[in-house]
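First up is the structure itself, then whatever we jot down about it.
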Amino acid sequence: MNKTLVEFKHVHTYFHTESGVVKAVNDVSFRIREGETVGIVGESGSGKSVTALSLMRLVADNGKIESGAVEMDGRDLLSLKPEEMRRLRGSEIAMVFQEPMSSLNPVLTIGEQLMEPLMEHRLLSRKEAKVEVLSLIGKVGIPDAPRVFAAYPHELSGGMLQRVMIASALACSPKLLIADEPTTALDVTIQAQILDLLRQVKEEYNTAILLITHDLGVVAETADYVVVMYAGKVIEEAPVVELFRHAKHPYTQGLLKSKPVIGERKDRLYSIPGQVPNLIGLGDSCYFSDRCEHCMDICRTKQPPMRAQGAEHRVACWLYEEESR
């Protein structure tokens with residue numbers, strides 16, 4: 001088994017608003033091993049992206065990482081000085097953001113933007129960086145590298161921009177690549193190509209990938225291990241095959257039931273009733289209790305602890321606790 005590369009330990013990230021404190025990441029713990037793809041799944045608002053931004057120390061101004069640790073190679077990333085963290089971003093940890101068009105500078109060419117991390121982190125000259133960038137553009141499957149090098153973001157399609165973002169992330173051969181909804185707004189054919197590219201990256205560079213998505217099909221196809229989040233908390237985690245075959249938490253089971261099955265005809269697709277709760281003023285109850293068909297009295301008064309349900313399967317649900325019987 002590969003050794004642990006990154007480990008989240010009881011991370012709490014809160015946003016302070018006029019309406020109150022939003023507990024976007026609430027006591028999150030999990031690990032990512034070297035060369036492993038970990039998928040974080042959950043509905044919008046479950047805390048997936050904020051978890052990744054906490055690791056990168058890129059939380060918005062009204063947000064604060066209140067407590068916890070994110071350890072990588074023996075260092076707590078949350079306690080590093082800003083300059084030390086800046087050196088890590090792009091070199092050891094890289095992120096492919098959700099919207100490539102808004103992540104690239106519209107007034108700089110693709111080449112200029114791809115050369116920057118190479119000159120900053122690897123101290124290459126402009127000439128050396130250009131050679132490297134032309135090679136990177138080819139590696140991510142974009143034809144006619146010189147034309148793309150000289151192009152501006154608005155001149156490329158969404159799929160090509162996403163490949164450019166992946167090329168930028170790979171420029172310094174990071175140990176961890178964070179991909180935040182990398183297939184959003186892309187058509188199905190391009191989605192498949194981007195997922196193939198991520199698999200190639202993992203195999204060629206032995207890069208660990210943290211894949212944030214709400215698409216269970218993407219998770220099944222790409223991830224080795226799955227972390228399910230709900231209302232800022234991790235409620236279940238397991239190897240991908242184990243999770244799809246033996247999901248324990250009612251929320252995870254609901255997500256899997258919501259996925260259409262090819263060849264199966266239904267009058268209406270299943271959907272989990274209700275909505276994700278407001279993250280301001282959450283009480284001590286299980287956050288899923290109002291939407292759960294198995295809800296018991298204890299669910300309304302007490303948070304379930306995370307417990308092992310096998311070698312690598314863990315779940316936070318009172319259904320599996322003796323105390324609730």
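How things are named: the first chain in the structure tokens is A, the next is B, and so on; residues count from 1 in each chain; ligands count from 1 in the order shown.
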At most 9 Å is the cut-off: for each residue in stretch 153-257 of chain A with any atom that close to an atom of stretch 13-34 of chain A, write down the nearest atom pair and the distance in Å rounded to one decimal, counting only C-alpha atoms, chain first then increasing number, as a tab-separated table.
residue	atom	partner	partner_atom	distance
A:Lys175	CA	A:Glu34	CA	7.7
A:Leu176	CA	A:Glu34	CA	8.2
A:Asn206	CA	A:Glu34	CA	7.3
A:Thr207	CA	A:Glu34	CA	7.0
A:Ala208	CA	A:Glu34	CA	5.4
A:Ile209	CA	A:Ile32	CA	8.2
A:Leu210	CA	A:Ile32	CA	7.7
A:Tyr225	CA	A:Ile32	CA	8.7
A:Val227	CA	A:Phe30	CA	7.8
A:Met229	CA	A:Val28	CA	9.0
A:Ala231	CA	A:Ala24	CA	7.2
A:Gly232	CA	A:Val25	CA	4.4
A:Lys233	CA	A:Asn26	CA	5.4
A:Val234	CA	A:Val28	CA	6.0
A:Glu237	CA	A:Phe30	CA	8.4
Non-local contacts of stretch 308-322 of chain A (9 Å; only C-alpha atoms; under 5 positions in same chain excluded) as a PyMOL selection string: chain A and resi 234-239+242-243+248-250+286+294-296+298-299+303
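Looking only at stretch 217-276 of chain A, the set that DSSP places in helix (DSSP H, G or I) from backbone geometry is Gly217, Val218, Val219, Ala220, Glu221, Thr222, Val240, Val241, Glu242, Leu243, Phe244, Arg245, Pro250, Tyr251, Thr252, Gln253, Gly254, Leu255, Leu256, Lys257 and Ser258 of chain A.
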Write the residues you've just listed into a file as a compact mmCIF listing (two decimals), in the first residue's frame, and include N, CA and C atoms for each of them.
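For reference, part.txt as written:
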# COMPACT_ATOMS: atom_id res chain seq x y z
N GLY A 217 -20.78 8.92 -11.92
CA GLY A 217 -20.20 8.21 -13.06
C GLY A 217 -18.72 8.53 -13.19
N VAL A 218 -18.37 9.80 -13.00
CA VAL A 218 -16.96 10.21 -13.03
C VAL A 218 -16.18 9.53 -11.92
N VAL A 219 -16.78 9.45 -10.73
CA VAL A 219 -16.13 8.80 -9.58
C VAL A 219 -15.88 7.33 -9.88
N ALA A 220 -16.89 6.63 -10.39
CA ALA A 220 -16.76 5.20 -10.66
C ALA A 220 -15.67 4.93 -11.68
N GLU A 221 -15.52 5.84 -12.63
CA GLU A 221 -14.57 5.64 -13.73
C GLU A 221 -13.14 6.02 -13.36
N THR A 222 -12.99 6.91 -12.39
CA THR A 222 -11.69 7.54 -12.16
C THR A 222 -11.08 7.29 -10.78
N VAL A 240 -13.54 2.66 -3.89
CA VAL A 240 -14.64 2.94 -4.81
C VAL A 240 -15.54 1.73 -5.04
N VAL A 241 -14.98 0.55 -5.25
CA VAL A 241 -15.81 -0.64 -5.51
C VAL A 241 -16.63 -0.98 -4.28
N GLU A 242 -16.03 -0.92 -3.11
CA GLU A 242 -16.72 -1.19 -1.85
C GLU A 242 -17.89 -0.23 -1.66
N LEU A 243 -17.67 1.05 -1.94
CA LEU A 243 -18.72 2.04 -1.73
C LEU A 243 -19.89 1.81 -2.67
N PHE A 244 -19.60 1.52 -3.93
CA PHE A 244 -20.69 1.33 -4.89
C PHE A 244 -21.46 0.03 -4.63
N ARG A 245 -20.79 -0.96 -4.09
CA ARG A 245 -21.47 -2.24 -3.82
C ARG A 245 -22.14 -2.28 -2.46
N PRO A 250 -27.44 6.32 4.55
CA PRO A 250 -28.65 6.56 3.73
C PRO A 250 -28.45 7.65 2.68
N TYR A 251 -27.62 8.64 2.97
CA TYR A 251 -27.36 9.69 1.98
C TYR A 251 -26.60 9.13 0.78
N THR A 252 -25.57 8.35 1.03
CA THR A 252 -24.81 7.72 -0.06
C THR A 252 -25.71 6.80 -0.87
N GLN A 253 -26.54 6.04 -0.18
CA GLN A 253 -27.48 5.15 -0.87
C GLN A 253 -28.43 5.96 -1.75
N GLY A 254 -28.87 7.13 -1.25
CA GLY A 254 -29.75 8.00 -2.03
C GLY A 254 -29.06 8.55 -3.27
N LEU A 255 -27.78 8.94 -3.13
CA LEU A 255 -27.02 9.43 -4.29
C LEU A 255 -26.92 8.35 -5.36
N LEU A 256 -26.65 7.12 -4.94
CA LEU A 256 -26.51 6.02 -5.90
C LEU A 256 -27.85 5.69 -6.56
N LYS A 257 -28.94 5.79 -5.80
CA LYS A 257 -30.27 5.53 -6.37
C LYS A 257 -30.68 6.63 -7.36
N SER A 258 -30.12 7.83 -7.18
CA SER A 258 -30.47 8.96 -8.05
C SER A 258 -29.84 8.86 -9.43
Give me the residues within 8 Å of A:Met95 as an mmCIF file with N, CA and C atoms, in the first residue's frame, counting only C-alpha atoms and dropping any in the same chain fewer than 6 places off.
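Saved the output as selection.cif:
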data_model
loop_
_atom_site.group_PDB
_atom_site.id
_atom_site.type_symbol
_atom_site.label_atom_id
_atom_site.label_comp_id
_atom_site.auth_asym_id
_atom_site.auth_seq_id
_atom_site.Cartn_x
_atom_site.Cartn_y
_atom_site.Cartn_z
ATOM 1 N N ALA A 169 -1.079 22.963 -14.545
ATOM 2 C CA ALA A 169 -0.943 22.268 -13.264
ATOM 3 C C ALA A 169 0.219 21.275 -13.276
ATOM 4 N N LEU A 177 -2.437 16.755 -7.490
ATOM 5 C CA LEU A 177 -3.220 17.559 -8.422
ATOM 6 C C LEU A 177 -4.657 17.593 -7.920
ATOM 7 N N ILE A 178 -5.178 18.795 -7.675
ATOM 8 C CA ILE A 178 -6.570 18.957 -7.261
ATOM 9 C C ILE A 178 -7.386 19.337 -8.482
ATOM 10 N N ALA A 179 -8.375 18.536 -8.802
ATOM 11 C CA ALA A 179 -9.237 18.800 -9.965
ATOM 12 C C ALA A 179 -10.652 19.084 -9.469
ATOM 13 N N ASP A 180 -11.056 20.351 -9.521
ATOM 14 C CA ASP A 180 -12.363 20.770 -9.018
ATOM 15 C C ASP A 180 -13.371 20.782 -10.162
#
Mind listing the strand (DSSP E or B) residues of stretch 200-293 of chain A, per DSSP on the backbone, as a tab-separated table (two decimals) with N, CA and C atoms, in the first residue's frame?
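Contents of selection00.tsv, as written:
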chain	number	residue	atom	x	y	z
A	208	ALA	N	-0.77	11.98	-7.24
A	208	ALA	CA	-2.02	11.78	-6.52
A	208	ALA	C	-3.03	12.83	-6.99
A	209	ILE	N	-4.30	12.44	-7.08
A	209	ILE	CA	-5.34	13.36	-7.56
A	209	ILE	C	-6.46	13.44	-6.54
A	210	LEU	N	-6.84	14.67	-6.20
A	210	LEU	CA	-8.04	14.91	-5.40
A	210	LEU	C	-9.11	15.41	-6.36
A	211	LEU	N	-10.09	14.57	-6.63
A	211	LEU	CA	-11.10	14.86	-7.65
A	211	LEU	C	-12.40	15.26	-6.97
A	212	ILE	N	-12.82	16.50	-7.21
A	212	ILE	CA	-14.06	17.02	-6.62
A	212	ILE	C	-15.15	16.96	-7.68
A	225	TYR	N	-10.57	5.78	-4.31
A	225	TYR	CA	-11.15	5.89	-2.97
A	225	TYR	C	-12.14	7.04	-2.98
A	226	VAL	N	-13.22	6.93	-2.22
A	226	VAL	CA	-14.29	7.94	-2.27
A	226	VAL	C	-14.57	8.48	-0.87
A	227	VAL	N	-14.68	9.81	-0.78
A	227	VAL	CA	-15.07	10.49	0.44
A	227	VAL	C	-16.41	11.19	0.17
A	228	VAL	N	-17.44	10.84	0.93
A	228	VAL	CA	-18.76	11.44	0.74
A	228	VAL	C	-18.95	12.52	1.80
A	229	MET	N	-19.27	13.75	1.33
A	229	MET	CA	-19.47	14.87	2.24
A	229	MET	C	-20.93	15.33	2.22
A	230	TYR	N	-21.38	15.78	3.39
A	230	TYR	CA	-22.73	16.33	3.49
A	230	TYR	C	-22.72	17.43	4.55
A	233	LYS	N	-19.46	17.95	6.48
A	233	LYS	CA	-18.87	16.84	7.21
A	233	LYS	C	-18.64	15.64	6.30
A	234	VAL	N	-17.62	14.83	6.63
A	234	VAL	CA	-17.44	13.55	5.96
A	234	VAL	C	-18.37	12.55	6.64
A	235	ILE	N	-19.26	11.93	5.86
A	235	ILE	CA	-20.22	11.00	6.47
A	235	ILE	C	-19.95	9.55	6.08
A	236	GLU	N	-19.14	9.35	5.01
A	236	GLU	CA	-18.78	7.98	4.64
A	236	GLU	C	-17.54	8.02	3.76
A	237	GLU	N	-16.68	7.01	3.89
A	237	GLU	CA	-15.53	6.89	3.00
A	237	GLU	C	-15.18	5.43	2.85
A	238	ALA	N	-14.74	5.06	1.62
A	238	ALA	CA	-14.43	3.66	1.33
A	238	ALA	C	-13.75	3.57	-0.03
A	239	PRO	N	-13.06	2.45	-0.33
A	239	PRO	CA	-12.59	2.22	-1.69
A	239	PRO	C	-13.77	2.24	-2.65
A	280	ILE	N	-25.72	27.75	8.73
A	280	ILE	CA	-25.67	28.70	9.85
A	280	ILE	C	-26.54	28.15	10.98
Residues near A:Lys130, cut-off 9 Å, only C-alpha atoms, skip fewer than 2 positions along chain, as an MDAnalysis selection string: chainID A and resid 111:112 114:115 125:128 132:135 149
With N, CA and C atoms retained, could you export that selection as an mmCIF file, in the first residue's frame?
data_model
loop_
_atom_site.group_PDB
_atom_site.id
_atom_site.type_symbol
_atom_site.label_atom_id
_atom_site.label_comp_id
_atom_site.auth_asym_id
_atom_site.auth_seq_id
_atom_site.Cartn_x
_atom_site.Cartn_y
_atom_site.Cartn_z
ATOM 1 N N GLY A 111 0.652 30.882 -23.936
ATOM 2 C CA GLY A 111 2.073 30.633 -23.734
ATOM 3 C C GLY A 111 2.634 31.401 -22.549
ATOM 4 N N GLU A 112 2.298 32.686 -22.456
ATOM 5 C CA GLU A 112 2.780 33.513 -21.343
ATOM 6 C C GLU A 112 2.331 32.930 -20.009
ATOM 7 N N LEU A 114 1.434 29.800 -19.314
ATOM 8 C CA LEU A 114 2.024 28.497 -19.023
ATOM 9 C C LEU A 114 3.508 28.605 -18.685
ATOM 10 N N MET A 115 4.177 29.624 -19.208
ATOM 11 C CA MET A 115 5.605 29.782 -18.914
ATOM 12 C C MET A 115 5.849 30.289 -17.493
ATOM 13 N N SER A 125 14.801 29.836 -18.079
ATOM 14 C CA SER A 125 14.810 31.056 -18.888
ATOM 15 C C SER A 125 13.568 31.061 -19.777
ATOM 16 N N ARG A 126 13.257 32.206 -20.384
ATOM 17 C CA ARG A 126 12.083 32.264 -21.271
ATOM 18 C C ARG A 126 12.212 31.267 -22.415
ATOM 19 N N LYS A 127 13.413 31.144 -22.958
ATOM 20 C CA LYS A 127 13.626 30.224 -24.076
ATOM 21 C C LYS A 127 13.397 28.779 -23.633
ATOM 22 N N GLU A 128 13.955 28.402 -22.486
ATOM 23 C CA GLU A 128 13.773 27.042 -21.972
ATOM 24 C C GLU A 128 12.313 26.776 -21.630
ATOM 25 N N GLU A 132 9.601 23.907 -23.109
ATOM 26 C CA GLU A 132 8.880 23.028 -22.181
ATOM 27 C C GLU A 132 7.368 23.154 -22.366
ATOM 28 N N VAL A 133 6.887 24.376 -22.536
ATOM 29 C CA VAL A 133 5.452 24.617 -22.691
ATOM 30 C C VAL A 133 4.928 24.000 -23.982
ATOM 31 N N LEU A 134 5.666 24.138 -25.077
ATOM 32 C CA LEU A 134 5.238 23.527 -26.346
ATOM 33 C C LEU A 134 5.122 22.011 -26.194
ATOM 34 N N SER A 135 6.044 21.424 -25.433
ATOM 35 C CA SER A 135 5.984 19.990 -25.176
ATOM 36 C C SER A 135 4.770 19.643 -24.315
ATOM 37 N N PHE A 149 0.008 28.218 -28.343
ATOM 38 C CA PHE A 149 0.945 29.000 -27.520
ATOM 39 C C PHE A 149 0.705 30.501 -27.704
#
Shell of 12 Å around A:Leu123, only C-alpha atoms, local chain residues under 6 positions omitted, as a PyMOL selection string: chain A and resi 91+115-117+129+172
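Using only C-alpha atoms, the nearest neighbour of A:Leu77 within the list A:Arg122, A:Ile110, A:Leu104, A:Glu7 is A:Glu7.
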Atomic separation - atom CA of A:Leu282 relative to atom CA of A:Ala69, Å: 22.8 Å
Between atom CA of A:Pro304 and atom CA of A:Asp215 - distance in Å to one decimal: 26.1 Å
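Around A:Gln200, within 12 Å and counting only C-alpha atoms, the residues found are A:Gly35, A:Lys139, A:Val140, A:Gly141, A:Ile166, A:Leu170, A:Gln193, A:Ile194, A:Leu195, A:Asp196, A:Glu204, A:Tyr205, A:Asn206, A:Thr207, A:Ala208, A:Ile209, A:Thr222, once anything fewer than 4 positions away on its own chain is removed.
Taking only C-alpha atoms into account, A:Glu99 lies nearest to A:Leu186 out of the set A:Leu186, A:Ala192, A:Cys292, A:Leu216.
The nearest approach to A:Ala94 among the residues A:Thr189, A:Glu43, A:Leu55, A:Arg268, with only C-alpha atoms taken into account, belongs to A:Leu55.
Atom CA of A:Arg199 lies 24.8 Å from atom CA of A:Pro153.
Proximity to A:Ser44 was assessed for A:Val201, A:Met306, A:Leu5, A:Val276 counting only C-alpha atoms; the smallest distance is recorded for A:Val276.
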A:Ala60 surroundings by only C-alpha atoms, 10 Å radius, close-in-sequence under 5 positions cut, as a list in words: Phe15, Val50, Leu53 and Ser54 of chain A
Per residue of stretch 94-122 of chain A within 12 Å of stretch 154-157 of chain A, which atom pair is closest and at what distance in Å (one decimal), using only C-alpha atoms, listed by chain and increasing number, as a Markdown table?
| residue | atom | partner | partner_atom | distance |
| --- | --- | --- | --- | --- |
| A:Pro100 | CA | A:Ser157 | CA | 10.2 |
| A:Met101 | CA | A:His154 | CA | 7.7 |
| A:Ser102 | CA | A:His154 | CA | 10.5 |
| A:Leu104 | CA | A:His154 | CA | 9.7 |
| A:Asn105 | CA | A:His154 | CA | 10.0 |
| A:Pro106 | CA | A:His154 | CA | 7.0 |
| A:Val107 | CA | A:His154 | CA | 9.5 |
| A:Leu108 | CA | A:His154 | CA | 10.5 |
| A:Thr109 | CA | A:His154 | CA | 9.9 |
| A:Ile110 | CA | A:Leu156 | CA | 9.7 |
